[in-house]
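Have a look at target_11.cif below; it lists mmCIF, C-alpha atoms.
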```cif
data_query
#
loop_
_atom_site.label_atom_id
_atom_site.label_comp_id
_atom_site.auth_asym_id
_atom_site.auth_seq_id
_atom_site.Cartn_x
_atom_site.Cartn_y
_atom_site.Cartn_z
CA MET A 1 100.35 103.24 -72.33
CA THR A 2 98.34 105.73 -70.65
CA HIS A 3 96.86 105.57 -67.36
CA ARG A 4 93.40 105.50 -68.88
CA GLN A 5 94.35 102.61 -71.15
CA ARG A 6 95.81 100.68 -68.23
CA GLY A 7 92.71 101.24 -66.28
CA ALA A 8 90.55 100.08 -69.19
CA ALA A 9 92.75 97.05 -69.66
CA GLN A 10 92.48 96.15 -65.98
CA VAL A 11 88.75 96.53 -66.14
CA GLY A 12 88.62 94.31 -69.17
CA MET A 13 90.78 91.71 -67.46
CA ILE A 14 88.59 91.76 -64.38
CA GLY A 15 85.58 91.41 -66.57
CA LEU A 16 87.18 88.47 -68.32
CA ILE A 17 88.08 86.90 -65.07
CA LEU A 18 84.58 87.46 -63.79
CA ALA A 19 83.20 85.92 -66.95
CA VAL A 20 85.53 82.95 -66.60
CA VAL A 21 84.57 82.61 -62.93
CA ILE A 22 80.94 82.91 -63.78
CA ALA A 23 81.37 80.34 -66.50
CA LEU A 24 83.15 78.00 -64.15
CA VAL A 25 80.52 78.55 -61.48
CA SER A 26 77.83 77.88 -64.07
CA ILE A 27 79.63 74.76 -65.19
CA LEU A 28 79.93 73.67 -61.55
CA PHE A 29 76.29 74.33 -60.89
CA ALA A 30 75.37 72.54 -64.08
CA TYR A 31 77.52 69.57 -63.05
CA LEU A 32 76.00 69.54 -59.58
CA GLN A 33 72.52 69.73 -61.05
CA MET A 34 73.37 66.89 -63.40
CA GLN A 35 74.53 64.85 -60.42
CA GLU A 36 71.34 65.70 -58.53
CA VAL A 37 69.26 64.85 -61.59
CA ALA A 38 71.07 61.55 -61.95
CA LYS A 39 70.51 60.85 -58.27
CA LEU A 40 66.87 61.84 -58.58
CA GLU A 41 66.53 59.67 -61.64
CA THR A 42 68.04 56.79 -59.71
CA GLN A 43 65.65 57.46 -56.80
CA LEU A 44 62.78 57.77 -59.27
CA THR A 45 63.73 54.44 -60.79
CA THR A 46 63.87 52.94 -57.29
CA VAL A 47 60.51 54.47 -56.38
CA LYS A 48 59.00 53.23 -59.63
CA SER A 49 60.36 49.77 -58.92
CA THR A 50 59.02 49.90 -55.34
CA ALA A 51 55.70 51.21 -56.62
CA THR A 52 55.60 48.41 -59.18
CA GLN A 53 56.31 45.85 -56.45
CA ALA A 54 53.70 47.50 -54.18
CA ASP A 55 51.24 47.43 -57.06
CA ALA A 56 52.04 43.76 -57.57
CA ARG A 57 51.61 42.99 -53.84
CA THR A 58 48.47 45.09 -53.80
CA GLU A 59 47.14 43.23 -56.79
CA ALA A 60 48.05 39.91 -55.16
CA TYR A 61 46.40 41.03 -51.89
CA ILE A 62 43.34 42.10 -53.83
CA VAL A 63 43.29 38.71 -55.54
CA LYS A 64 43.53 37.04 -52.13
CA LEU A 65 40.80 39.28 -50.75
CA ARG A 66 38.62 38.43 -53.71
CA ALA A 67 39.38 34.74 -53.21
CA ILE A 68 38.52 35.08 -49.48
CA THR A 69 35.39 37.00 -50.41
CA ASP A 70 34.46 34.28 -52.88
CA VAL A 71 34.84 31.70 -50.08
CA VAL A 72 33.59 33.70 -47.10
CA GLY A 73 31.17 36.12 -48.76
CA PHE A 74 30.12 39.22 -46.81
CA GLY A 75 31.03 41.70 -49.66
CA GLN A 76 31.54 42.26 -53.36
CA ASP A 77 35.31 42.69 -53.83
CA GLU A 78 36.42 42.40 -50.22
CA PRO A 79 34.93 41.05 -46.96
CA ASN A 80 32.68 43.33 -44.95
CA PRO A 81 33.80 43.25 -41.27
CA THR A 82 30.44 44.57 -40.06
CA ALA A 83 28.57 41.82 -41.90
CA ILE A 84 31.06 39.23 -40.62
CA GLN A 85 30.64 40.45 -37.01
CA ALA A 86 26.86 40.36 -37.37
CA SER A 87 27.08 36.76 -38.61
CA ILE A 88 29.40 35.89 -35.70
CA ASP A 89 26.85 37.33 -33.26
CA GLU A 90 24.06 35.40 -34.96
CA LEU A 91 26.06 32.16 -34.76
CA ALA A 92 26.82 32.85 -31.08
CA ASN A 93 23.09 33.21 -30.43
CA THR A 94 22.35 30.02 -32.38
CA PHE A 95 25.19 27.77 -31.11
CA PRO A 96 25.94 27.98 -27.36
CA GLY A 97 29.56 26.94 -27.89
CA ALA A 98 30.26 30.07 -29.98
CA ALA A 99 29.15 32.51 -27.29
CA ASP A 100 32.74 33.40 -26.26
CA SER A 101 34.27 33.32 -29.76
CA LYS A 102 35.59 36.61 -31.18
CA THR A 103 36.88 35.60 -34.62
CA LEU A 104 35.33 33.86 -37.58
CA GLN A 105 37.88 31.06 -37.24
CA ALA A 106 36.96 30.42 -33.60
CA VAL A 107 33.27 30.64 -34.43
CA VAL A 108 33.67 28.14 -37.26
CA GLY A 109 35.48 25.68 -34.95
CA THR A 110 32.96 25.83 -32.12
CA THR A 111 30.08 25.88 -34.60
CA VAL A 112 31.40 22.73 -36.25
CA VAL A 113 31.63 21.07 -32.83
CA ASP A 114 28.10 22.13 -31.92
CA TYR A 115 26.89 21.15 -35.35
CA ASN A 116 28.44 17.70 -35.05
CA ALA A 117 26.86 17.32 -31.58
CA ALA A 118 23.54 18.43 -33.03
CA GLN A 119 23.99 15.92 -35.84
CA ARG A 120 24.66 13.14 -33.34
CA GLN A 121 21.62 14.23 -31.31
CA ASN A 122 19.57 14.29 -34.50
CA ARG A 123 20.79 10.78 -35.34
CA ASP A 124 19.88 9.63 -31.83
CA LEU A 125 16.50 11.29 -32.13
CA ALA A 126 16.06 9.75 -35.56
CA GLY A 127 16.85 6.35 -34.02
CA GLN A 128 14.36 6.99 -31.24
CA VAL A 129 11.77 8.12 -33.77
CA SER A 130 12.43 4.96 -35.77
CA GLN A 131 12.07 2.87 -32.61
CA LEU A 132 8.89 4.71 -31.72
CA ARG A 133 7.59 4.12 -35.20
CA ASN A 134 8.40 0.42 -34.89
CA ASP A 135 6.69 0.35 -31.47
CA LEU A 136 3.73 2.24 -32.92
CA THR A 137 3.54 -0.24 -35.78
CA ALA A 138 3.66 -3.13 -33.31
CA ARG A 139 1.02 -1.48 -31.14
CA GLN A 140 -1.11 -0.86 -34.20
CA ARG A 141 -0.79 -4.53 -35.13
CA GLU A 142 -1.70 -5.51 -31.56
CA THR A 143 -4.60 -3.04 -31.59
CA THR A 144 -5.78 -4.39 -34.92
CA ALA A 145 -5.55 -7.93 -33.56
CA ALA A 146 -7.36 -6.90 -30.36
CA ILE A 147 -10.06 -5.15 -32.37
CA GLY A 148 -10.40 -8.27 -34.48
CA GLU A 149 -10.69 -10.42 -31.38
CA LYS A 150 -13.17 -7.93 -29.91
CA ASP A 151 -15.25 -7.99 -33.07
CA THR A 152 -15.16 -11.78 -33.02
CA ARG A 153 -16.12 -11.80 -29.33
CA VAL A 154 -18.91 -9.28 -30.02
CA ARG A 155 -20.26 -11.49 -32.76
CA GLU A 156 -20.08 -14.50 -30.45
CA LEU A 157 -21.83 -12.55 -27.70
CA GLU A 158 -24.47 -11.40 -30.15
CA ARG A 159 -25.03 -15.01 -31.14
CA GLU A 160 -25.14 -16.01 -27.47
CA LEU A 161 -27.57 -13.15 -26.82
CA GLU A 162 -29.80 -14.34 -29.62
CA ASP A 163 -29.59 -17.88 -28.26
CA THR A 164 -30.33 -16.52 -24.77
CA LYS A 165 -33.31 -14.59 -26.09
CA THR A 166 -34.59 -17.69 -27.83
CA SER A 167 -34.01 -19.74 -24.69
CA PHE A 168 -35.60 -16.99 -22.57
CA ASN A 169 -38.66 -16.94 -24.81
CA THR A 170 -38.84 -20.70 -24.51
CA GLN A 171 -38.51 -20.43 -20.73
CA VAL A 172 -41.18 -17.72 -20.69
CA LEU A 173 -43.52 -20.05 -22.55
CA ASP A 174 -42.66 -22.85 -20.13
CA LEU A 175 -43.20 -20.51 -17.16
CA GLU A 176 -46.53 -19.41 -18.54
CA ARG A 177 -47.53 -23.03 -18.86
CA GLN A 178 -46.24 -23.64 -15.32
CA ARG A 179 -48.13 -20.56 -14.15
CA ASP A 180 -51.32 -21.92 -15.60
CA GLY A 181 -50.60 -25.24 -13.94
CA LEU A 182 -49.83 -23.52 -10.64
CA ARG A 183 -53.06 -21.61 -10.83
CA ASP A 184 -54.85 -24.93 -11.06
CA GLN A 185 -52.78 -26.16 -8.12
CA VAL A 186 -53.60 -22.99 -6.17
CA ARG A 187 -57.26 -23.60 -6.66
CA GLU A 188 -56.77 -27.16 -5.46
CA LEU A 189 -54.64 -25.92 -2.53
CA ASP A 190 -57.29 -23.38 -1.61
CA SER A 191 -59.73 -26.20 -1.21
CA GLN A 192 -57.12 -28.14 0.77
CA VAL A 193 -56.44 -25.08 2.93
CA SER A 194 -60.08 -24.87 3.75
CA GLU A 195 -60.00 -28.48 4.81
CA LEU A 196 -56.76 -27.89 6.78
CA ARG A 197 -58.27 -24.90 8.55
CA THR A 198 -61.07 -27.10 9.69
CA GLN A 199 -58.52 -29.66 10.85
CA MET A 200 -56.43 -26.92 12.53
CA ASP A 201 -59.42 -25.71 14.43
CA ASP A 202 -59.96 -29.24 15.65
CA SER A 203 -56.23 -29.53 16.45
CA ALA A 204 -56.27 -26.19 18.26
CA ARG A 205 -59.05 -27.36 20.47
CA ALA A 206 -57.16 -30.60 21.12
CA GLY A 207 -53.94 -28.59 21.75
CA ALA A 208 -55.70 -26.37 24.22
CA ARG A 209 -56.77 -29.43 26.12
CA SER A 210 -53.15 -30.80 25.95
CA LEU A 211 -51.76 -27.39 27.08
CA ALA A 212 -54.02 -27.43 30.08
CA ASN A 213 -52.73 -30.90 30.94
CA VAL A 214 -49.07 -29.78 30.45
CA SER A 215 -49.59 -26.67 32.56
CA GLN A 216 -51.03 -28.79 35.32
CA ARG A 217 -48.05 -31.17 35.07
CA ASN A 218 -45.56 -28.29 35.10
CA LYS A 219 -47.24 -26.86 38.15
CA ILE A 220 -46.81 -30.19 39.89
CA LEU A 221 -43.12 -30.36 38.78
CA SER A 222 -42.51 -26.80 39.97
CA GLU A 223 -43.89 -27.63 43.36
CA ARG A 224 -41.57 -30.63 43.49
CA LEU A 225 -38.58 -28.60 42.38
CA ASN A 226 -39.25 -25.88 44.92
CA SER A 227 -39.31 -28.52 47.62
CA VAL A 228 -35.85 -29.80 46.64
CA GLU A 229 -32.85 -28.32 48.54
CA ARG A 230 -30.79 -26.71 45.78
CA ARG A 231 -27.49 -24.89 45.87
CA SER A 232 -28.22 -21.46 47.35
CA ASP A 233 -27.16 -18.20 45.72
CA GLU A 234 -25.28 -17.27 48.86
CA PRO A 235 -21.49 -16.85 48.60
CA ASP A 236 -19.35 -19.94 49.12
CA GLY A 237 -16.85 -18.05 51.25
CA LEU A 238 -14.96 -14.84 51.97
CA VAL A 239 -11.56 -13.39 51.16
CA LEU A 240 -9.57 -13.07 54.38
CA SER A 241 -6.74 -10.98 52.91
CA ALA A 242 -5.23 -10.24 49.51
CA SER A 243 -2.16 -8.64 47.97
CA ALA A 244 -2.43 -7.29 44.46
CA GLU A 245 1.35 -6.80 44.34
CA LEU A 246 2.03 -10.46 45.22
CA GLY A 247 -0.94 -11.67 43.21
CA GLN A 248 -2.16 -13.84 46.10
CA ALA A 249 -5.20 -14.06 48.35
CA TRP A 250 -6.39 -16.16 51.34
CA VAL A 251 -9.94 -17.50 51.79
CA ASP A 252 -11.87 -18.92 54.77
CA LEU A 253 -12.41 -22.38 53.25
CA GLY A 254 -10.34 -25.53 53.77
CA ARG A 255 -10.35 -29.32 53.90
CA THR A 256 -13.32 -29.43 56.22
CA GLU A 257 -15.38 -27.74 53.48
CA ARG A 258 -14.08 -30.28 50.90
CA LEU A 259 -11.98 -27.58 49.18
CA ARG A 260 -9.46 -28.83 46.60
CA ALA A 261 -6.37 -27.21 45.09
CA GLY A 262 -7.05 -26.07 41.56
CA MET A 263 -10.62 -24.92 42.14
CA GLU A 264 -11.42 -21.50 40.73
CA PHE A 265 -13.74 -18.88 42.29
CA ASP A 266 -15.22 -15.62 41.03
CA VAL A 267 -14.70 -12.71 43.42
CA HIS A 268 -17.55 -10.22 43.97
CA ASP A 269 -18.03 -6.99 45.88
CA PRO A 270 -20.24 -7.85 48.94
CA ARG A 271 -22.03 -4.49 48.75
CA THR A 272 -22.83 -4.23 45.03
CA GLY A 273 -22.37 -7.81 43.84
CA ALA A 274 -20.11 -6.55 41.03
CA ALA A 275 -17.43 -8.94 39.78
CA LYS A 276 -13.92 -7.96 40.87
CA GLY A 277 -11.80 -10.81 39.54
CA ARG A 278 -11.03 -14.53 39.69
CA ILE A 279 -8.80 -16.64 41.96
CA LYS A 280 -7.45 -20.20 41.87
CA ILE A 281 -6.82 -22.28 45.02
CA THR A 282 -3.15 -23.28 45.32
CA GLN A 283 -2.72 -24.50 48.93
CA VAL A 284 -5.49 -25.99 51.09
CA GLY A 285 -5.40 -25.86 54.91
CA ASP A 286 -7.89 -27.11 57.43
CA ARG A 287 -9.82 -23.85 57.72
CA ARG A 288 -7.82 -21.47 55.55
CA SER A 289 -6.45 -21.75 52.01
CA ALA A 290 -4.16 -19.74 49.72
CA ALA A 291 -5.02 -18.75 46.17
CA ASP A 292 -3.44 -17.04 43.14
CA ILE A 293 -5.19 -14.00 41.68
CA LEU A 294 -5.89 -14.96 38.05
CA ALA A 295 -7.70 -11.78 36.98
CA GLN A 296 -8.18 -8.32 38.47
CA GLY A 297 -11.16 -6.31 37.19
CA ASP A 298 -10.18 -2.82 38.34
CA ARG A 299 -6.70 -1.99 39.57
CA PHE A 300 -8.17 0.93 41.53
CA ASP A 301 -10.61 -1.45 43.30
CA PRO A 302 -8.47 -4.56 43.90
CA ILE A 303 -9.56 -7.78 45.54
CA GLY A 304 -9.53 -7.28 49.31
CA PRO A 305 -10.77 -8.60 52.64
CA ASP A 306 -14.48 -9.48 53.03
CA ASP A 307 -14.99 -9.86 49.26
CA THR A 308 -17.22 -12.87 48.53
CA ILE A 309 -16.19 -15.87 46.43
CA ARG A 310 -18.44 -18.12 44.36
CA ASN A 311 -18.02 -21.35 42.38
CA ALA A 312 -20.78 -22.55 40.06
CA VAL A 313 -20.23 -26.20 41.04
CA TYR A 314 -18.78 -26.17 44.54
CA ASP A 315 -21.15 -26.00 47.52
CA PRO A 316 -19.69 -26.16 51.04
CA ASN A 317 -23.12 -26.52 52.70
CA ARG A 318 -24.36 -29.75 51.05
CA THR A 319 -23.25 -32.67 48.94
CA PRO A 320 -24.01 -31.84 45.28
CA ILE A 321 -25.31 -34.60 43.02
CA ALA A 322 -24.25 -34.88 39.39
CA VAL A 323 -25.06 -37.16 36.44
CA LEU A 324 -22.48 -37.93 33.75
CA LEU A 325 -23.53 -38.07 30.09
CA GLY A 326 -21.21 -38.71 27.20
CA ASN A 327 -19.32 -41.16 25.03
CA GLY A 328 -16.19 -40.43 27.04
CA PHE A 329 -14.72 -37.73 29.27
CA GLY A 330 -11.51 -36.53 27.69
CA ARG A 331 -8.51 -38.41 29.01
CA TYR A 332 -10.55 -39.88 31.88
CA SER A 333 -12.93 -42.80 31.91
CA GLY A 334 -16.35 -42.52 33.46
CA GLU A 335 -15.23 -44.39 36.57
CA GLU A 336 -12.13 -42.20 36.98
CA LEU A 337 -14.19 -39.05 36.71
CA ARG A 338 -16.71 -40.45 39.20
CA THR A 339 -13.86 -41.02 41.69
CA MET A 340 -12.40 -37.56 41.12
CA LEU A 341 -15.77 -35.89 41.67
CA GLY A 342 -16.20 -37.89 44.86
CA GLU A 343 -12.89 -36.57 46.15
CA VAL A 344 -14.20 -33.00 45.94
CA GLY A 345 -17.51 -33.91 47.58
CA ILE A 346 -19.75 -34.41 44.54
CA ARG A 347 -21.84 -37.59 44.44
CA VAL A 348 -22.47 -39.08 41.01
CA ALA A 349 -25.94 -40.51 40.28
CA SER A 350 -26.88 -42.79 37.42
CA GLU A 351 -30.09 -41.03 36.31
CA ILE A 352 -31.88 -37.69 36.50
CA SER A 353 -34.07 -37.06 39.53
CA ASN A 354 -35.34 -34.08 41.46
CA ASP A 355 -32.26 -34.28 43.72
CA VAL A 356 -29.71 -33.93 40.89
CA ASP A 357 -27.90 -30.59 40.72
CA TYR A 358 -25.72 -30.89 37.59
CA LEU A 359 -25.59 -32.74 34.28
CA ILE A 360 -21.94 -32.91 33.18
CA LEU A 361 -21.54 -33.40 29.41
CA GLY A 362 -18.57 -35.27 28.01
CA THR A 363 -17.78 -36.34 24.43
CA PRO A 364 -20.96 -36.35 22.26
CA PHE A 365 -22.37 -39.51 20.71
CA PHE A 366 -22.08 -40.42 17.03
CA ASP A 367 -24.48 -42.43 14.91
CA ALA A 368 -23.02 -45.90 14.36
CA GLU A 369 -24.35 -46.16 10.81
CA THR A 370 -23.86 -42.66 9.38
CA GLY A 371 -21.10 -41.41 11.64
CA ASP A 372 -23.00 -38.14 12.17
CA LEU A 373 -22.95 -36.26 15.44
CA VAL A 374 -26.04 -36.98 17.54
CA PRO A 375 -27.40 -33.74 19.10
CA TRP A 376 -27.71 -33.67 22.88
CA SER A 377 -31.31 -32.54 22.53
CA THR A 378 -32.27 -36.01 21.20
CA ASN A 379 -30.88 -37.81 24.26
CA GLU A 380 -33.47 -38.89 26.83
CA ILE A 381 -31.24 -38.09 29.82
CA TYR A 382 -30.61 -34.59 28.43
CA LYS A 383 -34.34 -34.08 27.89
CA ALA A 384 -35.04 -35.22 31.44
CA ALA A 385 -32.41 -32.79 32.78
CA GLU A 386 -34.02 -29.89 30.94
CA SER A 387 -37.46 -30.89 32.19
CA ALA A 388 -36.20 -31.06 35.78
CA ALA A 389 -34.35 -27.71 35.48
CA VAL A 390 -30.98 -29.37 36.15
CA GLN A 391 -27.94 -27.16 35.45
CA VAL A 392 -26.07 -28.47 32.37
CA LEU A 393 -22.29 -28.06 32.47
CA PRO A 394 -19.76 -28.95 29.74
CA LEU A 395 -16.97 -31.13 31.09
CA ARG A 396 -14.35 -28.43 30.46
CA ASP A 397 -16.18 -25.83 32.56
CA ALA A 398 -16.82 -28.30 35.36
CA MET A 399 -13.16 -29.33 35.44
CA ASP A 400 -12.08 -25.66 35.55
CA TRP A 401 -14.39 -24.89 38.44
CA LEU A 402 -13.34 -27.97 40.38
CA GLY A 403 -9.62 -27.67 39.53
CA LEU A 404 -9.50 -31.20 38.15
#
```

Rewritten as structure tokens:
Amino acid sequence: MTHRQRGAAQVGMIGLILAVVIALVSILFAYLQMQEVAKLETQLTTVKSTATQADARTEAYIVKLRAITDVVGFGQDEPNPTAIQASIDELANTFPGAADSKTLQAVVGTTVVDYNAAQRQNRDLAGQVSQLRNDLTARQRETTAAIGEKDTRVRELERELEDTKTSFNTQVLDLERQRDGLRDQVRELDSQVSELRTQMDDSARAGARSLANVSQRNKILSERLNSVERRSDEPDGLVLSASAELGQAWVDLGRTERLRAGMEFDVHDPRTGAAKGRIKITQVGDRRSAADILAQGDRFDPIGPDDTIRNAVYDPNRTPIAVLLGNGFGRYSGEELRTMLGEVGIRVASEISNDVDYLILGTPFFDAETGDLVPWSTNEIYKAAESAAVQVLPLRDAMDWLGL
């Protein structure tokens, strides 16, 4: 074989080998691609299965969303979060308990609580309204009854008014008749008045004559009274010393002036005569006696030395004369009182005369038949005392002055 033939044979062999290699490589690639395709098919099957499951879950989720939407609302196929949030805000503004709630579940819970509370409040209010209605009904019944009573009372008053008018008209007629009768009486009285005037003129002339006689008699009595030695208006004594702090004073009267413990004296300023107080004799000496200060008129002008003392009954310069008048004299009999007055230098007379200074009144007299009090002014002794200008003293005042 030639060199050319060997070369061509080698080239042919190489070509065959290359073809075989290429064929093997192609087979290998084809096998690998088949493996990849099988793997991809497996993955595709897995993806399809997963997609089917996802579609099923999605469909189930969509069904649930639709069910939720059917219950909750807020959308066509699925809930609308914006609408839900707006409703939550509206519920929070309506129900105070939902103010801090962020989810529909929380809002529903607090809203139910608030709603139940509102329901209870509404029931309470309904009960109150029912009670108020019952009260109103009762009040209406009472008002109706009161109006009925008022109407009845008005009718009665109207009847009474009519009766009063009728009675008034009758009384008017009677009064007119009485007026006519009184006119007749007035005419008769006018004639009587004329007669009385004539009589009064005669009585006036007679009274003038009697007044002249009384004036003459009073003049005679005045002359007699002026001639009688009465108790002078001079002071009974003087204050020797006094102590406002101790409440005591000393006077220049004693046993020789018939002074008695218990007597009370008014104290006067010797310059002005103004009253300064009142003292009560406690201890009696021969010429000097002690006294308690009962009353002090002005603490800046206390009772002091040289002040004058006066007692309406006591008189150191003469023996006063008194007459007793009464149905008794307190716890004393007439004889006991007579003795007690004698001990302080007062003589008791049995009747009023120009020498008598005092008429001491005791217990008043009573009418034996009627039991009525007999006025002093009807007693003859009292009348005589007034006529003679005798000072009348109630027993209580006399006993205070004399210290009895």

* Could you jot down the atom CA of Gly330 of chain A to atom CA of Leu373 of chain A separation for me, Å, one decimal place? => 16.8 Å

* Name the residues in contact with Leu341 of chain A at a cut-off of 10 Å, using all atoms listed in the file, excluding same-chain residues fewer than 3 positions from it; report them as a VMD selection string. => chain A and resid 320 to 322 335 to 338 344 to 348 398 to 399 402 404

Keeping only C-alpha atoms, take the residues you just selected and write them out as a PDB file, in the frame of the given file.
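Final file, out36.pdb:
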```pdb
ATOM      1  CA  PRO A 320     -24.010 -31.840  45.280  1.00  0.00           C
ATOM      2  CA  ILE A 321     -25.310 -34.600  43.020  1.00  0.00           C
ATOM      3  CA  ALA A 322     -24.250 -34.880  39.390  1.00  0.00           C
ATOM      4  CA  GLU A 335     -15.230 -44.390  36.570  1.00  0.00           C
ATOM      5  CA  GLU A 336     -12.130 -42.200  36.980  1.00  0.00           C
ATOM      6  CA  LEU A 337     -14.190 -39.050  36.710  1.00  0.00           C
ATOM      7  CA  ARG A 338     -16.710 -40.450  39.200  1.00  0.00           C
ATOM      8  CA  VAL A 344     -14.200 -33.000  45.940  1.00  0.00           C
ATOM      9  CA  GLY A 345     -17.510 -33.910  47.580  1.00  0.00           C
ATOM     10  CA  ILE A 346     -19.750 -34.410  44.540  1.00  0.00           C
ATOM     11  CA  ARG A 347     -21.840 -37.590  44.440  1.00  0.00           C
ATOM     12  CA  VAL A 348     -22.470 -39.080  41.010  1.00  0.00           C
ATOM     13  CA  ALA A 398     -16.820 -28.300  35.360  1.00  0.00           C
ATOM     14  CA  MET A 399     -13.160 -29.330  35.440  1.00  0.00           C
ATOM     15  CA  LEU A 402     -13.340 -27.970  40.380  1.00  0.00           C
ATOM     16  CA  LEU A 404      -9.500 -31.200  38.150  1.00  0.00           C
TER      17      LEU A 404
END
```

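Applied to the file shown here, the PyMOL selection byres ((chain A and resi 268-279) around 8) selects the residues Ala249, Glu264, Phe265, Asp266, Val267, Lys280, Ile281, Ala291, Asp292, Ile293, Leu294, Ala295, Gln296, Gly297, Asp298, Asp301, Pro302, Ile303, Asp306, Asp307, Thr308, Ile309 and Arg310 of chain A.
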
* Asked: How many Å lie between atom CA of Thr45 of chain A and atom CA of Gln33 of chain A, rounded to one decimal?
  -> 17.6 Å

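For the structure shown here, the set of residues caught by the PyMOL selection byres ((chain A and resi 328) around 10) is A:Leu324, A:Leu325, A:Gly326, A:Asn327, A:Phe329, A:Gly330, A:Arg331, A:Tyr332, A:Ser333, A:Gly334, A:Leu337, A:Leu361, A:Gly362, A:Thr363, A:Pro364, A:Phe365.
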
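Reported to one decimal place, the separation of atom CA of Arg288 of chain A from atom CA of Val356 of chain A is 29.1 Å.
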